[in-house]
Every structure is written in structure tokens, then in C-alpha cells.
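Working notes for the structure below.
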Amino acid sequence: MRRKIVAGNWKMNKTFQEAEDLLAELADSLKEEQEYQDVEVIVCPPYLYVEMAHDLSSDEEDETQVYYSVGVQDVSEHDKGAYTGEVSAAMLSSMDVEYCIVGHSERRKYFGETDAQVARKVEQLLQNEITPIVCCGEQAEEREAGKQFEVIGRQLEDGLFGLKPLDFSRLIIAYEPVWAIGTGKTATPEQAQEIHAWIRNLIQEKYGKEIARVIPILYGGSCNAKTAKDLFAQPDIDGGLIGGASLNAEDFVAIINSFEK
Ligand code: PGA
């Protein structure tokens, strides 16, 4: 059985007070829920709220009772030094951050992040014991031109396939069709499953059956409480990377509870 994972990507949303309210509500709801226990829940707020997110992530009296893990949305490709505004993997690790999103389409589009940078960021994270959640996915025009496999194949090849098998096996992959992100146009379960199975097959060709069998592949792009159930029921979809719907505790918890029992 593969791990089941739901990660919330807050993007650039929430003031300090709003973030505290959402985290507290989320922790409270997850405390009550028995159902989610076998799901790895990850919250990726803006960097500024990492310490608060960590403080609220477990029971005050019994810290072994953890409701969610803390991740972030990006990391520097450099290890330290004169890089104004950047945050290193070592800093994140020293703040107990466990996960980091890399190669999100918004970083690729607005900040020109390349596959070579994705590869360097992944390397930084792995060296610091942080699990990368690596995003891939095609744009609308690329799908219309039937180029989705080519695009995703290149992103994986150039960003990740330089890794040694043991390192590769520590990743989480997220398939996020760019046309589905923040648009309300979720991929159908069949569309997503087709790509997930294809990605898993590509991983099998490169790294073998065992690694392909265990690597979690999440779906992202307008995934919500209504669409999550059918998506998560697909054999190669192991959970979701959730943007908009992670900004509301009730919606996010409903998604966490969308796996087949
Ligand atoms: P969305 O974003 O759920 O708001 O579409 C997903 C993501 O970009 O990770």
C-alpha cells in the first residue's frame, strides 16, 4: 500500500492572524477526526508562519499527537551566502520543516524556474533531510497539441532523473495540469489517472518496479471536496496538492477524508 497524502499549498495568502485562526481550526478538526489517521497531512504556509504552524501542529501536552506536518512552497538552490531574500534548505531544516514544494508552475511561469534549478533545489532539500514535493504538468496549449507526455517527460527527465535511486525514492511527485490550477476546471479522474499511470511507468523504466510501486504521485489543480473522492479512488492517484480549498479548514478536512475506506 502506498502512502496517502494531502498537502495544502497556501500560496501568498493569509495575514498572521488569519493564518493562526486557520491553523488552530485545522488542528481542532483533525483532533476530532478519527478517519484521517492513515493520511499524511501537510500544510505549506508562507515562510513567515512556519514556526507558528509548527507550534500548532501537535497536542500541547502530548507532542507525539501530531495533526499535520509543516512544509513550505519553495527553497533556494544555493546553500548559503549573499543571496538577498532567499531561504536555504539548512534554515528550513533548522525550523523542523519536513516538506518543500519545488517546481510549481507558478514559480516556473512568474519566476522563470527551470528544470535545472528544480534539480538543484531537490538536491539541497535531500541533503537537509527535507522531502521535496516536485510538481510537473502541461499547459492548456500543450495538451491541445497532444504534447502533455513530452512536456512532463522532459520535466521529470531534466529535473529528477539525475538522482540516484535511493534519493529518487524519497520524493513525492505532484501532477498539476496548469490549465486546472485555480481555474475551477479539475482534470477528470480518467485524465488524471492516465497521466499518473504514465508517470509511474516512466519511473519504472528508469528506476525499476519497486521504486515505481512506492513513489506517491499526488494530483493538483482545482481539487476540492466534491472532486477529491473520485480522483483519490484512481489506482495511481495517492492524494492531492490543494491550493484554494486548503484555505478553509472545513473544505481541507473534507478532502483529507475523501479516500476510500
Ligand atoms: P488550486 O491550486 O487547488 O487552487 O487549483 C493547486 C496548486 O497550485 O497547488
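Residue numbering restarts at 1 in every chain; chains get A, B, ... in the order shown in the C-alpha cells, and ligands count up from 1 in that same order.
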Environment of ligand 1 within 6 Å, counting only C-alpha atoms and all ligand atoms, reported as a list in words: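 I would give the residues around ligand 1 as Asn9, Ala180, Ile181, Gly182, Gly220, Gly221, Ser222, Cys223, Leu241, Ile242, Gly243 and Gly244 of chain A.
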How would the residues just chosen look if you wrote them out with N, CA, C and O atoms as a tab-separated table (two decimals), in the first residue's frame?
chain	number	residue	atom	x	y	z
A	9	ASN	N	-1.27	23.90	-0.22
A	9	ASN	CA	-0.37	24.96	-0.68
A	9	ASN	C	-1.11	26.29	-0.55
A	9	ASN	O	-1.96	26.61	-1.36
A	180	ALA	N	-5.62	23.48	-15.00
A	180	ALA	CA	-6.57	23.15	-13.93
A	180	ALA	C	-6.31	23.94	-12.66
A	180	ALA	O	-7.14	23.98	-11.76
A	181	ILE	N	-5.14	24.60	-12.58
A	181	ILE	CA	-4.77	25.27	-11.34
A	181	ILE	C	-5.52	26.59	-11.17
A	181	ILE	O	-5.41	27.48	-12.01
A	182	GLY	N	-6.29	26.66	-10.09
A	182	GLY	CA	-7.01	27.89	-9.75
A	182	GLY	C	-8.09	28.28	-10.75
A	182	GLY	O	-8.60	29.40	-10.71
A	220	GLY	N	-2.96	17.70	-8.45
A	220	GLY	CA	-3.29	19.07	-8.04
A	220	GLY	C	-3.88	19.86	-9.18
A	220	GLY	O	-3.51	19.67	-10.35
A	221	GLY	N	-4.81	20.75	-8.85
A	221	GLY	CA	-5.45	21.59	-9.86
A	221	GLY	C	-6.95	21.58	-9.63
A	221	GLY	O	-7.63	20.63	-10.04
A	222	SER	N	-7.44	22.60	-8.90
A	222	SER	CA	-8.87	22.72	-8.59
A	222	SER	C	-9.47	21.47	-7.95
A	222	SER	O	-10.63	21.15	-8.20
A	223	CYS	N	-8.66	20.79	-7.17
A	223	CYS	CA	-9.18	19.62	-6.44
A	223	CYS	C	-9.95	20.17	-5.24
A	223	CYS	O	-9.44	21.02	-4.51
A	241	LEU	N	-2.47	17.77	-3.99
A	241	LEU	CA	-1.81	19.03	-3.63
A	241	LEU	C	-2.89	20.09	-3.85
A	241	LEU	O	-3.33	20.31	-4.98
A	242	ILE	N	-3.30	20.70	-2.74
A	242	ILE	CA	-4.52	21.51	-2.75
A	242	ILE	C	-4.19	22.99	-2.56
A	242	ILE	O	-3.56	23.34	-1.55
A	243	GLY	N	-4.64	23.83	-3.47
A	243	GLY	CA	-4.42	25.26	-3.33
A	243	GLY	C	-5.61	25.91	-2.65
A	243	GLY	O	-5.75	25.88	-1.43
A	244	GLY	N	-6.50	26.49	-3.45
A	244	GLY	CA	-7.65	27.25	-2.95
A	244	GLY	C	-8.41	26.57	-1.82
A	244	GLY	O	-8.70	27.20	-0.79
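Here the residues within segment 150-183 of chain A that DSSP labels strand (DSSP E or B) on the basis of the backbone are A:Ile172, A:Ile173, A:Ala174, A:Tyr175.
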Counting only C-alpha atoms, which residue out of A:Leu22, A:Val102, A:Ile256, A:Ala245 sits closest to Lys229 of chain A?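 Once distances to Lys229 of chain A are computed over only C-alpha atoms, the minimum belongs to A:Ile256.
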For a quick check of understanding, using only C-alpha atoms, which of A:His54, A:Lys261, A:Lys206, A:Lys11 has the smallest distance to Leu92 of chain A?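 Counting only C-alpha atoms, the residue closest to Leu92 of chain A is A:His54.
Comparing the minimum interatomic distances between Glu157 of chain A and each of A:Ala174, A:Leu202, A:Glu129, A:Gln124, counting only C-alpha atoms, we find that A:Leu202 sits nearest.
You will find atom CA of Lys226 of chain A at 18.8 Å from atom CA of Tyr175 of chain A.
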Closest atom pairs, segment 111-132 of chain A residues within 7 Å of segment 64-81 of chain A, only C-alpha atoms, as a Markdown table:
| residue | atom | partner | partner_atom | distance |
| --- | --- | --- | --- | --- |
| A:Gln117 | CA | A:Glu77 | CA | 6.4 |
| A:Arg120 | CA | A:Glu77 | CA | 5.3 |
| A:Lys121 | CA | A:Glu77 | CA | 4.5 |
| A:Gln124 | CA | A:Glu77 | CA | 6.6 |
By how many Å are atom CA of Val151 of chain A and atom CA of Gly137 of chain A apart?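 Atom CA of Val151 of chain A sits 7.4 Å away from atom CA of Gly137 of chain A.
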Near-Phe259 of chain A list (9 Å; only C-alpha atoms; drop same-chain fewer than 2 positions) as number ranges by chain: A: 4, 36, 39, 228-230, 232-233, 239, 255-257, 261
Restricting the output to all heavy atoms, write the selected residues as a short mmCIF file (atom, residue, chain, number, x, y, z; two decimals), in the first residue's frame.
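Resulting contents of part.cif:
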data_model
loop_
_atom_site.label_atom_id
_atom_site.label_comp_id
_atom_site.auth_asym_id
_atom_site.auth_seq_id
_atom_site.Cartn_x
_atom_site.Cartn_y
_atom_site.Cartn_z
N LYS A 4 -0.86 7.66 1.71
CA LYS A 4 -1.91 8.59 1.25
C LYS A 4 -1.52 9.96 1.78
O LYS A 4 -1.24 10.11 2.98
CB LYS A 4 -3.27 8.21 1.85
CG LYS A 4 -3.74 6.84 1.47
CD LYS A 4 -5.01 6.55 2.27
CE LYS A 4 -5.48 5.14 2.02
NZ LYS A 4 -6.47 4.72 3.03
N TYR A 36 -9.04 10.34 9.42
CA TYR A 36 -7.90 10.77 8.62
C TYR A 36 -6.59 10.12 9.02
O TYR A 36 -5.59 10.26 8.32
CB TYR A 36 -7.76 12.29 8.70
CG TYR A 36 -6.90 12.77 9.85
CD1 TYR A 36 -5.55 13.07 9.65
CD2 TYR A 36 -7.43 12.92 11.12
CE1 TYR A 36 -4.76 13.49 10.70
CE2 TYR A 36 -6.65 13.34 12.17
CZ TYR A 36 -5.31 13.63 11.97
OH TYR A 36 -4.53 14.03 13.00
N VAL A 39 -3.75 9.16 6.84
CA VAL A 39 -3.39 10.10 5.78
C VAL A 39 -2.30 11.05 6.30
O VAL A 39 -2.41 11.56 7.41
CB VAL A 39 -4.62 10.94 5.34
CG1 VAL A 39 -4.26 11.91 4.23
CG2 VAL A 39 -5.78 10.04 4.94
N ALA A 228 -12.51 15.39 -5.05
CA ALA A 228 -11.40 14.59 -4.48
C ALA A 228 -11.72 13.09 -4.43
O ALA A 228 -10.86 12.26 -4.73
CB ALA A 228 -11.07 15.10 -3.08
N LYS A 229 -12.95 12.75 -4.09
CA LYS A 229 -13.29 11.34 -3.86
C LYS A 229 -13.00 10.50 -5.11
O LYS A 229 -12.34 9.46 -5.03
CB LYS A 229 -14.76 11.26 -3.48
CG LYS A 229 -15.16 9.95 -2.88
CD LYS A 229 -16.53 10.08 -2.20
CE LYS A 229 -17.00 8.74 -1.68
NZ LYS A 229 -17.44 7.84 -2.76
N ASP A 230 -13.51 10.94 -6.25
CA ASP A 230 -13.32 10.15 -7.48
C ASP A 230 -11.87 10.16 -7.94
O ASP A 230 -11.38 9.18 -8.50
CB ASP A 230 -14.21 10.70 -8.61
CG ASP A 230 -15.67 10.37 -8.35
OD1 ASP A 230 -15.92 9.47 -7.51
OD2 ASP A 230 -16.54 11.02 -8.94
N PHE A 232 -9.19 10.43 -5.89
CA PHE A 232 -8.39 9.61 -4.97
C PHE A 232 -8.70 8.11 -5.12
O PHE A 232 -7.95 7.28 -4.62
CB PHE A 232 -8.61 10.04 -3.51
CG PHE A 232 -8.13 11.44 -3.18
CD1 PHE A 232 -8.28 11.96 -1.91
CD2 PHE A 232 -7.51 12.25 -4.14
CE1 PHE A 232 -7.84 13.24 -1.57
CE2 PHE A 232 -7.08 13.54 -3.83
CZ PHE A 232 -7.25 14.02 -2.55
N ALA A 233 -9.83 7.81 -5.75
CA ALA A 233 -10.19 6.39 -5.93
C ALA A 233 -9.43 5.76 -7.09
O ALA A 233 -9.45 4.55 -7.28
CB ALA A 233 -11.70 6.27 -6.17
N GLY A 239 -3.30 10.96 -3.59
CA GLY A 239 -3.70 12.09 -2.78
C GLY A 239 -3.64 13.37 -3.59
O GLY A 239 -3.59 13.33 -4.82
N ILE A 255 -11.54 17.11 2.15
CA ILE A 255 -10.65 16.48 1.14
C ILE A 255 -9.82 15.37 1.79
O ILE A 255 -9.67 14.28 1.24
CB ILE A 255 -9.75 17.55 0.47
CG1 ILE A 255 -10.62 18.52 -0.33
CG2 ILE A 255 -8.70 16.90 -0.42
CD1 ILE A 255 -9.87 19.72 -0.89
N ILE A 256 -9.31 15.66 2.99
CA ILE A 256 -8.50 14.66 3.71
C ILE A 256 -9.32 13.39 3.95
O ILE A 256 -8.79 12.28 3.94
CB ILE A 256 -7.99 15.27 5.05
CG1 ILE A 256 -7.01 16.41 4.77
CG2 ILE A 256 -7.34 14.21 5.93
CD1 ILE A 256 -6.76 17.32 5.97
N ASN A 257 -10.63 13.57 4.14
CA ASN A 257 -11.49 12.42 4.39
C ASN A 257 -12.08 11.82 3.12
O ASN A 257 -13.06 11.07 3.19
CB ASN A 257 -12.62 12.82 5.35
CG ASN A 257 -12.12 12.93 6.78
OD1 ASN A 257 -11.21 12.20 7.17
ND2 ASN A 257 -12.69 13.84 7.55
N LYS A 261 -12.64 4.13 2.10
CA LYS A 261 -12.39 3.47 3.41
C LYS A 261 -12.17 1.99 3.20
O LYS A 261 -12.68 1.38 2.32
CB LYS A 261 -13.58 3.69 4.34
CG LYS A 261 -13.81 5.17 4.66
CD LYS A 261 -12.71 5.73 5.52
CE LYS A 261 -12.65 7.23 5.67
NZ LYS A 261 -12.97 8.11 4.61
#
For a quick check of understanding, using only C-alpha atoms, which of A:Arg154, A:Glu60, A:Leu247, A:Arg107 has the smallest distance to Lys14 of chain A? A:Leu247
Can you list, as number ranges by chain, every protein, DNA or RNA residue that comes within 12 Å of Phe161 of chain A when you count only C-alpha atoms, leaving out same-chain residues fewer than 6 positions away? A: 115-116, 118-119, 122-123, 153-155, 167-169, 171, 202-207
Selection near Trp198 of chain A, 12 Å with only C-alpha atoms, sequence-local residues under 6 positions removed, as a list of chain:residue names: A:Gln148, A:Phe149, A:Glu150, A:Ile152, A:Gly153, A:Leu156, A:Tyr175, A:Gln191, A:Ala192, A:Gln204, A:Glu205, A:Ala212, A:Ile217, A:Asp236, A:Ile237
For Asp158 of chain A, which residue out of A:Leu126, A:Cys136, A:Ala19, A:Ile195 is the nearest one, using only C-alpha atoms?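 Nearest candidate to Asp158 of chain A out of A:Leu126, A:Cys136, A:Ala19, A:Ile195: A:Cys136.
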Please provide as number ranges by chain all residues within 8 Å of Pro46 of chain A, with the sequence filter that same-chain residues fewer than 2 positions apart are discarded (counting only C-alpha atoms). A: 10-13, 44, 48-50, 72-73
May I ask for the distance between atom CA of Phe16 of chain A and atom CA of Lys109 of chain A, given in Å to one decimal place? 27.0 Å
Spatial neighbours of Pro132 of chain A, 6 Å, only C-alpha atoms, chain gap at least 4 places, as a VMD selection string: chain A and resid 99 to 101 171
Residue selection dump (all heavy atoms) as a JSON list (two decimals), in the first residue's frame:
[["chain", "number", "residue", "atom", "x", "y", "z"],
["A", 99, "TYR", "N", 8.80, 19.18, 4.59],
["A", 99, "TYR", "CA", 8.47, 19.05, 3.16],
["A", 99, "TYR", "C", 8.66, 20.38, 2.45],
["A", 99, "TYR", "O", 8.54, 21.44, 3.08],
["A", 99, "TYR", "CB", 7.00, 18.63, 2.97],
["A", 99, "TYR", "CG", 6.65, 17.31, 3.59],
["A", 99, "TYR", "CD1", 6.26, 17.23, 4.92],
["A", 99, "TYR", "CD2", 6.68, 16.13, 2.84],
["A", 99, "TYR", "CE1", 5.93, 16.01, 5.51],
["A", 99, "TYR", "CE2", 6.35, 14.91, 3.40],
["A", 99, "TYR", "CZ", 5.97, 14.86, 4.74],
["A", 99, "TYR", "OH", 5.64, 13.66, 5.30],
["A", 100, "CYS", "N", 8.91, 20.33, 1.15],
["A", 100, "CYS", "CA", 9.01, 21.58, 0.39],
["A", 100, "CYS", "C", 8.55, 21.34, -1.05],
["A", 100, "CYS", "O", 8.99, 20.40, -1.71],
["A", 100, "CYS", "CB", 10.46, 22.07, 0.40],
["A", 100, "CYS", "SG", 10.71, 23.56, -0.57],
["A", 101, "ILE", "N", 7.64, 22.19, -1.50],
["A", 101, "ILE", "CA", 7.19, 22.13, -2.89],
["A", 101, "ILE", "C", 8.29, 22.69, -3.79],
["A", 101, "ILE", "O", 8.93, 23.68, -3.45],
["A", 101, "ILE", "CB", 5.90, 22.99, -3.06],
["A", 101, "ILE", "CG1", 4.77, 22.43, -2.16],
["A", 101, "ILE", "CG2", 5.45, 23.03, -4.52],
["A", 101, "ILE", "CD1", 3.57, 23.37, -2.04],
["A", 171, "LEU", "N", 11.26, 11.07, -2.92],
["A", 171, "LEU", "CA", 10.44, 12.17, -3.44],
["A", 171, "LEU", "C", 8.95, 11.90, -3.36],
["A", 171, "LEU", "O", 8.51, 10.76, -3.30],
["A", 171, "LEU", "CB", 10.76, 12.40, -4.93],
["A", 171, "LEU", "CG", 12.20, 12.65, -5.37],
["A", 171, "LEU", "CD1", 12.24, 12.83, -6.88],
["A", 171, "LEU", "CD2", 12.76, 13.87, -4.66]]
Which residue gives the smallest distance to Val43 of chain A among A:Glu98, A:Glu86, A:Glu260, A:Glu210, with only C-alpha atoms counted?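 Comparing A:Glu98, A:Glu86, A:Glu260, A:Glu210 against Val43 of chain A, the winner is A:Glu98.
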